[in-house]
file coords-v6.txt (compact mmCIF, C-alpha atoms)
# COMPACT_ATOMS: atom_id res chain seq x y z
CA MET L 14 76.96 197.04 90.67
CA ALA L 15 79.47 195.14 88.56
CA ALA L 16 80.26 192.98 91.57
CA LEU L 17 76.59 192.20 92.00
CA ILE L 18 76.21 191.19 88.34
CA ARG L 19 79.29 189.02 88.64
CA LEU L 20 77.82 187.40 91.74
CA ILE L 21 74.52 186.72 89.97
CA ILE L 22 76.32 185.19 86.96
CA PHE L 23 78.38 183.06 89.35
CA MET L 24 75.29 181.81 91.16
CA LEU L 25 73.51 180.99 87.90
CA GLY L 26 76.63 179.11 86.83
CA MET L 27 76.52 177.09 90.07
CA GLY L 28 72.93 176.18 89.33
CA LEU L 29 73.94 174.89 85.92
CA ALA L 30 76.86 172.88 87.26
CA LEU L 31 75.01 170.98 90.01
CA PRO L 32 72.61 168.83 87.97
CA SER L 33 75.38 167.64 85.70
CA LEU L 34 77.20 166.18 88.72
CA ALA L 35 74.27 163.91 89.50
CA ALA L 36 73.95 162.61 85.94
CA ILE L 37 72.33 159.20 85.61
CA GLU L 38 73.22 157.04 82.65
CA VAL L 39 70.53 156.82 79.97
CA HIS L 40 69.18 153.53 78.75
CA ASP L 41 67.73 153.75 75.25
CA PHE L 42 65.08 151.28 74.22
CA ASP L 43 64.03 150.81 70.59
CA ASP L 44 60.43 150.52 71.69
CA PRO L 45 59.00 153.79 73.16
CA ALA L 46 56.42 151.81 75.17
CA LEU L 47 59.22 149.90 76.87
CA GLN L 48 61.01 153.18 77.49
CA ALA L 49 57.93 154.60 79.19
CA ARG L 50 57.54 151.53 81.40
CA TYR L 51 61.25 151.69 82.27
CA ASN L 52 60.97 155.34 83.31
CA ALA L 53 57.85 154.62 85.36
CA LEU L 54 59.50 151.70 87.19
CA LEU L 55 62.58 153.80 87.92
CA ASP L 56 60.36 156.34 89.65
CA GLU L 57 58.37 153.91 91.75
CA LEU L 58 61.23 151.75 93.02
CA ARG L 59 63.19 153.02 95.97
CA CYS L 60 66.95 152.68 96.25
CA PRO L 61 67.59 150.30 99.21
CA LYS L 62 70.88 151.93 100.11
CA CYS L 63 69.48 155.46 100.23
CA GLN L 64 66.95 156.90 102.64
CA ASN L 65 64.59 158.52 100.20
CA GLU L 66 65.60 158.34 96.58
CA SER L 67 64.14 156.43 93.69
CA ILE L 68 66.48 154.20 91.72
CA GLY L 69 65.92 156.65 88.88
CA SER L 70 67.51 159.53 90.76
CA SER L 71 70.19 157.82 92.82
CA ASN L 72 73.77 157.47 91.78
CA SER L 73 74.59 154.69 94.22
CA PRO L 74 76.01 151.45 92.77
CA ILE L 75 73.02 149.40 93.87
CA ALA L 76 70.61 151.80 92.14
CA ARG L 77 72.70 151.48 88.98
CA ASP L 78 72.52 147.67 89.22
CA MET L 79 68.78 147.82 89.75
CA ARG L 80 68.33 150.05 86.69
CA ALA L 81 70.40 147.67 84.58
CA ARG L 82 68.43 144.68 85.85
CA THR L 83 65.12 146.46 85.21
CA ALA L 84 66.20 147.16 81.62
CA THR L 85 67.27 143.54 81.07
CA TRP L 86 64.05 142.17 82.50
CA LEU L 87 61.93 144.54 80.40
CA GLU L 88 63.78 143.45 77.28
CA GLN L 89 63.16 139.83 78.25
CA GLY L 90 59.45 140.64 78.14
CA ARG L 91 58.72 140.42 81.86
CA SER L 92 55.71 142.35 83.14
CA ASP L 93 55.94 145.38 85.44
CA GLU L 94 54.36 143.43 88.29
CA ASP L 95 56.80 140.60 87.74
CA ILE L 96 59.72 143.02 87.96
CA ARG L 97 58.32 144.62 91.10
CA ASN L 98 57.93 141.18 92.68
CA ALA L 99 61.47 140.23 91.73
CA MET L 100 62.84 143.40 93.36
CA VAL L 101 60.77 142.89 96.52
CA ALA L 102 61.92 139.24 96.71
CA ARG L 103 65.51 140.48 96.89
CA PHE L 104 65.38 143.77 98.75
CA GLY L 105 62.09 143.61 100.65
CA ASP L 106 59.02 145.83 100.75
CA TYR L 107 61.29 148.79 101.34
CA VAL L 108 61.90 149.19 97.60
CA LEU L 109 58.24 149.96 96.90
CA TYR L 110 57.27 153.58 97.39
CA ASP L 111 53.65 152.38 97.56
CA PRO L 112 53.58 149.69 100.25
CA ARG L 113 51.37 146.72 99.47
CA LEU L 114 48.35 145.78 101.51
CA ASP L 115 49.27 142.70 103.55
CA SER L 116 49.24 141.38 107.10
CA ARG L 117 51.95 143.82 108.18
CA THR L 118 50.69 146.92 106.40
CA TRP L 119 46.93 146.74 106.93
CA LEU L 120 47.23 149.03 109.96
CA LEU L 121 49.14 151.59 107.91
CA TRP L 122 46.48 151.58 105.21
CA SER L 123 43.37 151.39 107.38
CA LEU L 124 44.30 153.70 110.27
CA PRO L 125 43.53 157.03 108.50
CA GLY L 126 40.09 155.80 107.44
CA ALA L 127 39.41 154.30 110.87
CA LEU L 128 40.39 157.58 112.57
CA VAL L 129 38.03 159.57 110.33
CA ILE L 130 35.18 157.19 111.23
CA VAL L 131 35.96 157.46 114.95
CA GLY L 132 36.13 161.25 114.71
CA VAL L 133 32.84 161.56 112.84
CA THR L 134 31.17 159.22 115.35
CA ILE L 135 32.38 161.29 118.31
CA ILE L 136 31.19 164.53 116.72
CA ALA L 137 27.82 162.97 115.88
CA LEU L 138 27.39 161.73 119.46
CA VAL L 139 28.31 165.10 120.96
CA VAL L 140 25.96 166.99 118.63
CA ARG L 141 23.12 164.60 119.34
CA GLN L 142 23.59 164.87 123.07
CA ARG L 143 23.60 168.67 122.93
CA ARG L 144 20.46 168.75 120.82
CA LYS L 145 18.71 166.37 123.18
CA ARG L 146 19.54 168.47 126.21
CA HIS L 147 18.32 171.59 124.37
CA ALA L 148 14.98 170.03 123.42
CA GLU L 149 14.24 168.72 126.89
CA GLY L 150 14.33 172.19 128.38
CA LEU L 151 14.30 172.79 132.12
CA SER L 152 12.51 170.89 134.81
CA ALA L 153 10.10 172.71 137.13
CA LEU L 154 12.71 172.74 139.88
CA GLU L 155 15.37 174.18 137.58
CA ARG L 156 12.97 176.86 136.34
CA GLN L 157 12.28 177.92 139.87
CA ARG L 158 15.99 178.10 140.68
CA LEU L 159 16.61 180.13 137.54
CA ALA L 160 13.92 182.62 138.48
CA THR L 161 15.38 183.15 141.95
CA LEU L 162 18.87 183.58 140.53
CA LEU L 163 17.66 186.10 137.96
CA ASP L 164 15.78 188.05 140.58
CA THR L 165 18.69 188.41 142.95
CA HIS L 166 21.06 189.33 140.11
CA GLN L 167 18.68 191.96 138.74
CA GLU L 168 18.41 193.53 142.18
CA ALA L 169 22.17 193.49 142.56
CA ALA L 170 22.59 195.06 139.14
CA ARG L 171 20.06 197.79 139.84
CA MET L 172 21.42 198.74 143.25
CA PRO L 173 24.61 200.64 142.35
CA GLN L 174 22.78 202.62 139.66
CA ASP L 175 20.08 203.69 142.09
CA GLU L 176 22.69 204.78 144.58
CA ARG L 177 24.44 206.92 141.96
CA ARG L 178 21.21 208.57 140.91
CA GLU L 179 20.41 209.57 144.44
CA LYS L 180 23.80 211.13 145.07
CA SER L 181 24.31 212.96 141.77
CA PRO L 182 22.00 215.98 142.01
CA MET E 24 34.05 163.69 138.06
CA LYS E 25 33.79 160.80 135.62
CA ARG E 26 33.06 163.18 132.74
CA ARG E 27 36.04 165.28 133.66
CA LEU E 28 38.29 162.22 133.43
CA LEU E 29 36.98 161.65 129.90
CA LEU E 30 38.47 165.00 128.94
CA PHE E 31 41.92 163.49 129.44
CA ILE E 32 41.42 160.95 126.65
CA PRO E 33 42.88 163.23 123.93
CA LEU E 34 45.93 163.93 126.11
CA VAL E 35 46.48 160.22 126.70
CA LEU E 36 46.13 159.52 122.97
CA PHE E 37 48.53 162.34 122.18
CA VAL E 38 51.16 161.05 124.62
CA ALA E 39 50.78 157.51 123.25
CA LEU E 40 51.23 158.75 119.68
CA GLY E 41 54.21 160.85 120.77
CA VAL E 42 55.91 157.86 122.40
CA PHE E 43 55.21 155.71 119.33
CA LEU E 44 56.69 158.26 116.94
CA TRP E 45 59.62 158.94 119.26
CA LEU E 46 60.51 155.24 119.30
CA GLY E 47 60.31 155.27 115.50
CA LEU E 48 62.79 158.14 115.36
CA GLY E 49 65.29 156.20 117.47
CA LYS E 50 65.30 153.21 115.12
CA ASP E 51 68.12 152.69 112.68
CA PRO E 52 66.53 153.28 109.26
CA SER E 53 69.07 151.07 107.52
CA ALA E 54 68.32 148.04 109.72
CA ARG E 55 65.77 145.97 107.84
CA ASP E 56 64.81 142.34 107.77
CA SER E 57 66.10 140.40 104.84
CA ALA E 58 63.51 139.57 102.23
CA LEU E 59 65.15 136.19 101.68
CA LEU E 60 64.75 134.60 105.13
CA ALA E 61 63.42 131.05 104.75
CA ASP E 62 64.00 131.24 101.00
CA PRO E 63 66.41 128.97 99.14
CA PHE E 64 69.82 130.41 98.38
CA PRO E 65 69.65 131.86 94.82
CA GLU E 66 70.95 129.85 91.89
CA PHE E 67 74.33 130.89 90.55
CA GLN E 68 77.08 129.70 88.21
CA LEU E 69 80.37 131.38 89.05
CA THR E 70 84.05 130.60 89.28
CA THR E 71 86.05 130.65 92.47
CA LEU E 72 88.49 133.37 93.40
CA GLU E 73 91.29 130.83 93.69
CA GLU E 74 90.63 128.87 90.47
CA PRO E 75 89.35 130.81 87.41
CA ASN E 76 88.43 127.54 85.68
CA ARG E 77 86.44 125.99 88.48
CA GLN E 78 82.67 126.53 88.21
CA VAL E 79 80.63 126.30 91.39
CA ASP E 80 76.89 126.50 92.04
CA LYS E 81 74.56 126.39 95.02
CA SER E 82 75.06 122.65 95.58
CA LEU E 83 78.26 123.84 97.27
CA LEU E 84 76.12 124.94 100.23
CA GLU E 85 74.18 121.75 100.69
CA GLY E 86 74.98 119.19 103.34
CA GLN E 87 76.19 121.46 106.12
CA VAL E 88 75.37 124.76 107.75
CA THR E 89 77.47 127.50 106.18
CA LEU E 90 78.10 131.15 106.89
CA VAL E 91 78.22 132.97 103.55
CA ASN E 92 80.05 136.27 103.81
CA VAL E 93 79.82 138.87 101.04
CA TRP E 94 82.90 141.06 100.96
CA GLY E 95 85.12 143.09 98.64
CA GLU E 96 88.62 144.47 98.71
CA TRP E 97 87.14 147.97 98.19
CA CYS E 98 85.15 147.74 101.43
CA PRO E 99 86.91 149.14 104.50
CA THR E 100 84.62 147.54 107.08
CA CYS E 101 85.34 144.13 105.53
CA LYS E 102 88.92 144.52 106.73
CA ARG E 103 87.72 145.17 110.27
CA GLU E 104 85.49 142.13 110.04
CA MET E 105 88.21 139.62 109.10
CA PRO E 106 89.45 138.89 112.67
CA GLN E 107 85.88 137.96 113.67
CA LEU E 108 85.51 135.70 110.63
CA LEU E 109 88.80 133.99 111.49
CA ALA E 110 87.52 133.53 115.05
CA LEU E 111 84.31 131.97 113.70
CA LYS E 112 86.35 129.57 111.61
CA ALA E 113 88.43 128.68 114.66
CA ARG E 114 85.18 127.82 116.44
CA GLY E 115 84.38 125.24 113.82
CA ILE E 116 82.03 127.14 111.52
CA ARG E 117 82.20 126.54 107.79
CA LEU E 118 82.60 129.81 105.91
CA VAL E 119 82.18 130.49 102.22
CA GLY E 120 83.11 133.92 100.86
CA VAL E 121 81.58 135.86 98.00
CA ASP E 122 84.06 138.36 96.55
CA TYR E 123 81.61 141.01 95.42
CA LYS E 124 82.36 143.47 92.60
CA ASP E 125 86.07 143.00 92.87
CA SER E 126 89.00 142.08 90.68
CA ARG E 127 90.68 138.71 91.12
CA ASP E 128 94.07 140.23 91.92
CA LYS E 129 92.75 142.60 94.55
CA GLY E 130 90.58 139.92 96.11
CA ARG E 131 93.49 137.51 96.40
CA ALA E 132 95.77 140.20 97.79
CA PHE E 133 93.12 141.01 100.40
CA LEU E 134 92.99 137.40 101.63
CA ASP E 135 96.80 137.23 101.66
CA GLU E 136 96.97 140.30 103.82
CA PHE E 137 94.10 139.73 106.25
CA GLY E 138 93.95 135.92 106.35
CA ASN E 139 91.56 133.53 104.69
CA PRO E 140 88.79 132.10 106.83
CA PHE E 141 86.88 130.74 103.82
CA GLU E 142 86.71 127.16 102.64
CA LEU E 143 86.46 128.76 99.22
CA THR E 144 85.49 132.11 97.80
CA VAL E 145 82.96 132.55 95.01
CA PHE E 146 84.14 135.23 92.60
CA ASP E 147 81.27 137.60 91.71
CA PRO E 148 82.85 140.45 89.68
CA GLU E 149 79.55 141.73 88.23
CA GLY E 150 77.75 141.50 91.56
CA SER E 151 75.07 139.25 90.07
CA LEU E 152 74.96 136.83 92.99
CA GLY E 153 75.09 139.77 95.38
CA PHE E 154 72.12 141.28 93.57
CA ASP E 155 70.11 138.06 93.82
CA LEU E 156 70.94 137.95 97.54
CA GLY E 157 69.59 141.46 97.97
CA VAL E 158 73.00 142.77 99.01
CA TYR E 159 73.25 146.55 98.79
CA GLY E 160 76.49 147.07 100.62
CA ALA E 161 79.25 144.90 101.95
CA PRO E 162 79.87 143.18 104.26
CA GLU E 163 76.75 141.10 104.66
CA SER E 164 76.52 137.58 106.05
CA PHE E 165 73.98 134.81 105.59
CA ILE E 166 73.57 131.57 107.48
CA VAL E 167 72.47 128.86 105.05
CA ASP E 168 71.19 125.59 106.49
CA ARG E 169 71.93 122.03 105.27
CA ASP E 170 69.19 122.20 102.67
CA GLY E 171 70.45 125.45 101.19
CA ILE E 172 67.79 127.64 102.85
CA ILE E 173 68.75 131.11 104.10
CA ARG E 174 68.11 131.25 107.84
CA TYR E 175 69.80 134.38 109.08
CA HIS E 176 70.98 137.62 107.54
CA HIS E 177 73.45 139.98 109.12
CA THR E 178 73.84 143.34 107.38
CA GLY E 179 76.95 145.30 108.15
CA TYR E 180 80.04 143.89 109.72
CA ILE E 181 80.14 141.26 112.44
CA THR E 182 81.57 143.01 115.48
CA PRO E 183 83.60 141.16 118.12
CA SER E 184 80.51 141.18 120.37
CA ASP E 185 78.38 139.62 117.59
CA VAL E 186 80.58 136.52 117.35
CA ASP E 187 78.85 134.59 120.13
CA ALA E 188 75.42 135.35 118.71
CA VAL E 189 76.49 134.11 115.27
CA VAL E 190 77.93 130.90 116.78
CA ARG E 191 74.65 130.33 118.65
CA GLU E 192 72.62 130.97 115.50
CA VAL E 193 74.71 128.51 113.47
CA GLY E 194 74.38 125.95 116.28
CA LYS E 195 70.61 126.32 116.17
CA TRP E 196 70.55 125.12 112.56
CA GLN E 197 73.14 122.39 113.05
CA ARG E 198 70.86 120.51 115.41
call {"tool": "encode", "arguments": {"input": "coords-v6.txt", "output": "structure tokens"}}
result
Amino acid sequence: MAALIRLIIFMLGMGLALPSLAAIEVHDFDDPALQARYNALLDELRCPKCQNESIGSSNSPIARDMRARTATWLEQGRSDEDIRNAMVARFGDYVLYDPRLDSRTWLLWSLPGALVIVGVTIIALVVRQRRKRHAEGLSALERQRLATLLDTHQEAARMPQDERREKSP
Amino acid sequence: MKRRLLLFIPLVLFVALGVFLWLGLGKDPSARDSALLADPFPEFQLTTLEEPNRQVDKSLLEGQVTLVNVWGEWCPTCKREMPQLLALKARGIRLVGVDYKDSRDKGRAFLDEFGNPFELTVFDPEGSLGFDLGVYGAPESFIVDRDGIIRYHHTGYITPSDVDAVVREVGKWQR
């Protein structure tokens, strides 16, 4: 029991220690609005060196540089869009978590919608075709064939029963 | 029979999607086109590694095709790249170095040890020029044409088998 408690305390301690390893330096702005924009930009810009980390959560040197540059630009009064453009001009579209709509990304943006439209069209066509076939009913020739088929099958179904009845008494 | 063939459409689409995604998996996620191709080389005002009092700017790159190599003493692959850079110099290419996030002493010691293929080296201790070039790791190389426009970007180190391709690329812009 004591060993278990010690283990639990140890594991909790590990949980406390990990986040402190990945500490990111804090940039304090005098203006809270600027601070909010800074935090938002840090979340939406992707670290170019990392595979999937925002510059706000990465400890890599380039992410640190990008944070510092973002802070400087904000203090110089540049707009969010201006800062985004400046980052894309240097590091490419990769740094935007939300890719922009342009000649290379239109397929990415439009494909889901296009697939939904194609799917709905196919379903609509299939349903319509089924309904049409249902409404038309059977031709005289088909009705005749159906009757013959039903007759023979009914006879076949009755036969074994009749045989049993005759033998059982 | 024709209707039955139509039933294979989903399978064909599925296989096509599978192949597409499979090819995507095989790609190197760190290989990306430079955002600066066909853009002018960024403005800068920095000293050279050799002379702390000498200011240089981008006019340094005008007039002839130059291979700009971003390196640092702290970067192990830069050491492996030096023989290739020396070979490029021997083949008549003008090289300019950018010593990125380094100290002057270490940068100089590096060139003493591994050889200096550069006409001169721009000293960029804060990494500001590197940042404007979109460098996120060293080494990276850029071919800049006569008018100071970036024409080619090589991320990672130039391997011995890349040398011919780089020479060809420089030749393309010298014409």
call {"tool": "residues_around", "arguments": {"input": "coords-v6.txt", "residues": "Lys81 of chain E", "least_positions_apart": "3", "cutoff": "10 Å", "atoms": "all atoms listed in the file", "output": "CSV table (one decimal) with C-alpha atoms, in the frame of the given file"}}
result
chain,number,residue,atom,x,y,z
E,63,PRO,CA,66.4,129.0,99.1
E,64,PHE,CA,69.8,130.4,98.4
E,65,PRO,CA,69.6,131.9,94.8
E,66,GLU,CA,71.0,129.8,91.9
E,67,PHE,CA,74.3,130.9,90.6
E,68,GLN,CA,77.1,129.7,88.2
E,69,LEU,CA,80.4,131.4,89.0
E,84,LEU,CA,76.1,124.9,100.2
E,85,GLU,CA,74.2,121.8,100.7
E,171,GLY,CA,70.4,125.4,101.2
call {"tool": "interface_residues", "arguments": {"input": "coords-v6.txt", "of": "chain L", "to": "chain E", "cutoff": "9 Å", "atoms": "only C-alpha atoms", "output": "ChimeraX atom specification"}}
result
/L:61-64,74-76,78-79,100-107
call {"tool": "atom_distance", "arguments": {"input": "coords-v6.txt", "atom1": "atom CA of Ile172 of chain E", "atom2": "atom CA of Arg191 of chain E"}}
result
17.4 Å
call {"tool": "atom_distance", "arguments": {"input": "coords-v6.txt", "atom1": "atom CA of Thr100 of chain E", "atom2": "atom CA of Tyr180 of chain E"}}
result
6.4 Å
call {"tool": "atom_distance", "arguments": {"input": "coords-v6.txt", "atom1": "atom CA of Ile166 of chain E", "atom2": "atom CA of Pro106 of chain E"}}
result
18.2 Å
call {"tool": "closest_residue", "arguments": {"input": "coords-v6.txt", "among": "E:Val193, E:Leu48, E:Leu134, E:Val38", "to": "Glu96 of chain E", "atoms": "only C-alpha atoms"}}
result
E:Leu134
call {"tool": "axis_aligned_box", "arguments": {"input": "coords-v6.txt", "around": "segment 126-129 of chain L", "padding_each_side": "8 Å", "output": "JSON"}}
result
{"center_x": 39.2, "center_y": 156.9, "center_z": 110.0, "size_x": 18.4, "size_y": 21.3, "size_z": 21.1}
call {"tool": "closest_residue", "arguments": {"input": "coords-v6.txt", "among": "L:Ile96, L:Ile21, L:Leu121, L:Leu87", "to": "Phe42 of chain L", "atoms": "all atoms listed in the file"}}
result
L:Leu87
call {"tool": "residues_around", "arguments": {"input": "coords-v6.txt", "residues": "Trp94 of chain E", "least_positions_apart": "5", "cutoff": "8 Å", "atoms": "only C-alpha atoms", "output": "list in words"}}
result
Cys101, Gly120, Val121, Asp122, Tyr123, Ala161, Pro162 and Glu163 of chain E
call {"tool": "closest_residue", "arguments": {"input": "coords-v6.txt", "among": "L:Val39, L:Ile22, L:Leu55, L:Ala169", "to": "Leu109 of chain L", "atoms": "all atoms listed in the file"}}
result
L:Leu55
call {"tool": "residues_around", "arguments": {"input": "coords-v6.txt", "residues": "Asp43 of chain L", "least_positions_apart": "5", "cutoff": "12 Å", "atoms": "only C-alpha atoms", "output": "ChimeraX atom specification"}}
result
/L:48-49,84,87-88
call {"tool": "residues_around", "arguments": {"input": "coords-v6.txt", "residues": "Asp125 of chain E", "least_positions_apart": "5", "cutoff": "7 Å", "atoms": "only C-alpha atoms", "output": "list in words"}}
result
Gly95, Glu96, Gly130 and Pro148 of chain E
